[in-house]
Every structure is written in structure tokens, then in C-alpha cells.
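Chemist: Below are the C-alpha cells for one structure; questions will follow.
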Amino acid sequence: MKDGPTAPIVENVFGISWLSFDLSIVMMVIITSIVVLLIAIWGSRNLQMKPTGVQNFMEWVVEFVKGLVTDTMDWKTGRAFLPLGLTLIMFILVSNVLGMVTTVIINDKQWWTAPTADAGITLTLAAMVVVLSHYYGIKLRGFKAYGKGFFAPIWIMFPFKIIEEFTNTLTLGLRLFGNIFAGGILTTLVLGMSFNAAGDFSIFGFIGSIVPMLAWQGFSLFVAGIQAFIFTLLTMLYLSHKVVEETVDGH
Amino acid sequence: MHLYSDFLLIGADVGGLHIGNMIVMIVFFLLLLAILKKVAWGPLMDVMEERENFVANEIEVAEKNRKEAEAAAKEANAQLNQTREEAQKMIADAKGAGEKQQADIIEAARQEAARIKATATEDIQNEKEKALQELQDKVASLSVLVASKVIEKEINLEDQEALINDYIKEVGEGK
């Protein structure tokens, strides 16, 4: 039981006791960033008034995220958040899919995994989004209006509003993590069907695992897209709660 | 050697909160956001907005052109009608003038003919009178000659003249 692959963790970096890295996650974050960067640059080079090929696709993505933005706030305010939404949805989708494609284990260390299957990463993303929403709330509405938001519609709501900020962060991060992590576990289980109890490769198990594997990979792709979509949509929703003037009914 | 249960552990590494990971994540995400905003999303949004404006502008221009064309066609039609009317009027005028001229010419010819006829009548009258006069003279002398020859009687010239004149008058009235 003890020799399952573990994460390549280095601790006490530069002699700082609290600074530790999971090298596989660091590597995967970098890889994901590079892939997103390449896709985006590929899609937006040689831009034309009459779009062709990959520019069409990128414009469709932009229109899609624009739809998410305009669903939650008016376009004049939301225009500034479009790049954030686009980067978020691309980053999360790419990292989800990267984790789905394969897994690499070297010397019992798992190097290739979805960055979003790491709770630390998703919570970091979620925290970043919530912090950004507070930043833009103050920037666009002023500190007074921003502060008033915590006491609306009545002052007694204040503790709940504070708690809400933390629960928002937790649910946003853990929803994404849970879905991708669970996807990884089930993939591993289906993969395990190819091996018998002694750990040897079994051809019957392999054949038996093909259909569930295909089905689950297809579903994982679906989940990868849905989770990227939900994360981006909720980001825009939280942002709109902070930057849009509260109306009479509190929204 | 892997046991079946080992595979459960592959995914079961939840990760834990490594501060280093978080820092890397934040730094890379913000870096990615900044770069993409500059090289990808910005230009892409600009192009899309530009196209939106372009299309709106084109529609406006097309609408304007259509209106202008409509106005021009209307004007051309009006002008055509006016020209047609003018042409018709000119033809009618020309016809009227022609008819008038015809009438004038006929009238002039008629008058000329009448004038010539009148002159001719007058000439004839003159000639006739002249001839009569001549005849009268001739008849007088001839009568005298004849009478003197026939009647050996001497008659003075005055009486003879009066006699002949009476005679001729009688002849002229008897005619």
C-alpha cells in the first residue's frame, strides 16, 4: 500500500521552512500556461476583417465569454473583465484536458497530472478571483459604496456577507478540484482493470476496460468543458456582485 | 510491483497547500493574463469591434445610397416626363405653324390669282375700248368715203361728223 506514486515535493526551499513546492504541479502550471499562450497567439495572429479558420474559432470563444459577461453585467462595465474571463476559461479547460490525456509516473513520482486536480491550485485561482472582485469593487464604485455593500439590505447581514466571501472562495475552488480529481480517480480505477491482483498485465482486463475507458474519457471531456464554463461564469457573477450598483431587490 | 489498490493512490494525492505552488500559480496566471491581453485578446477584441463598426457603417452607407438612388431615379423620371411634354408641345407647335403657313400660302396664291385676273380683265377692257375707238374712227372716214362716193351731194364736214356719230351710237346701243 505504501509504494503508490507520490507527488515530487521539495520542502524548505532556500532554507525557508514554510516554502514548499510540488514540482509536478509547478511544471504542469508552466506547461498549461505555454499551451494556452500558443493557442491564443496562434488564433490571433494575422487578424483579418474577414475571419478565416482559426480566427473564427477564437472569435467564437470571445463571443462565448462575452455572452457570459453580458449575462451578469452590462457590457460597458464588463468589457474590462473579458480578458480575465477568456484567460480563465482557456487555462482551466486546457489544464483539465491535459490531465485527461495521459499521466506520467517516473520513479514512483507522478509528474503529469491536471493542475486543476490539485486543491491548492484551484483554491488559489478561486481566492485570486474573489480578491480581484474586491479590488474592482473598490476601484469602480469607490470605497464607500463598496463598504455599504456589506450592510445591504440591512446591517444584520454583515456577518453573513463576510462568511459568504469565504464560502464563495471554497465552493468555487473545491467544485473545480472535486470534479477533475474525481475524474482522475475513476480513470485510474478503469486503468486498474487491466491488471490482475498480482499486478501483472491481463489481456482480458484490458479488453474489458476499453469501453468504460472510452465512455469515461468522453464524459471527462464534457466535465472539463462544463467546469471551465462554470468557473468563468461564477467569476463573472461574483465580479458583478461587487462592481454593479445594487438595485432595490438587492441584485 | 503494483497492486490493484495502488492505483487508487495515484489520484488520491490531494495535493495539500504548498505555498510555492500558489505563488507559481498566481505569478504565471497573471503573467499569462498580461501577455494574452496584449498580444491576443486585445487585438482580437479590437478587430471584432472594428468589424462591428464597419458593418454598421456599411449598412448606413448602403441605406444612404439607396435613398440617393431613389431620389435620382425620381428626378430622372420627372425630367423625362417634362422633356416628353416639351417635345409634344414642340411638335404641336410645329404642326400649327405649318398649317398656318399652308393657309397663308393658299391665301396669298388666291389673292395673287385674283389680282392677275383683275388686271387681265382691265387690260381686256382697255383693248376692247381701244379697238372700238379705232373701229369708230375707221368707220367714220370709211362712211364718209363711201357716202361721198355714193351720194354725189356735197355735205359739209361738220354735218357729216354729227350724222356719223349718231349712227355709231345707234349701232353701239343696238349691239
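Ligands are numbered from 1 in the order shown, residues from 1 within each chain, and chains are lettered A, B, ... in the order they appear in the C-alpha cells.
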Please identify all residues of chain A having at least one atom at most 7 Å from any atom of chain B, considering only C-alpha atoms, and return them as a PyMOL selection string.

Modeler: chain A and resi 1+4-6+19-22+25-26+29+33+37+40-41+44+49+83-84+87+118-121+124+181+184-185+188-189+192+195+197-199

Chemist: Using only C-alpha atoms, which protein or nucleic acid residues come within 8 Å of segment 207-216 of chain A? Drop anything in the same chain fewer than 3 positions from it, and give the result as a ChimeraX atom specification.

Modeler: /A:186-187,190-191,193-194,203-204,219-220

Chemist: Record the distance separating atom CA of Glu63 of chain A and atom CA of Trp75 of chain A, expressed in Å with one decimal.

Modeler: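 Pair atom CA of Glu63 of chain A / atom CA of Trp75 of chain A returns 12.2 Å.
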
Chemist: Skip Ile92 of chain A itself and residues of its chain fewer than 4 positions away, then list as a PyMOL selection string all residues within 10 Å of it, counting only C-alpha atoms.

Modeler: chain A and resi 32+36+87-88+96-98+114-116+122+125+176+224-225+227-229+231-232
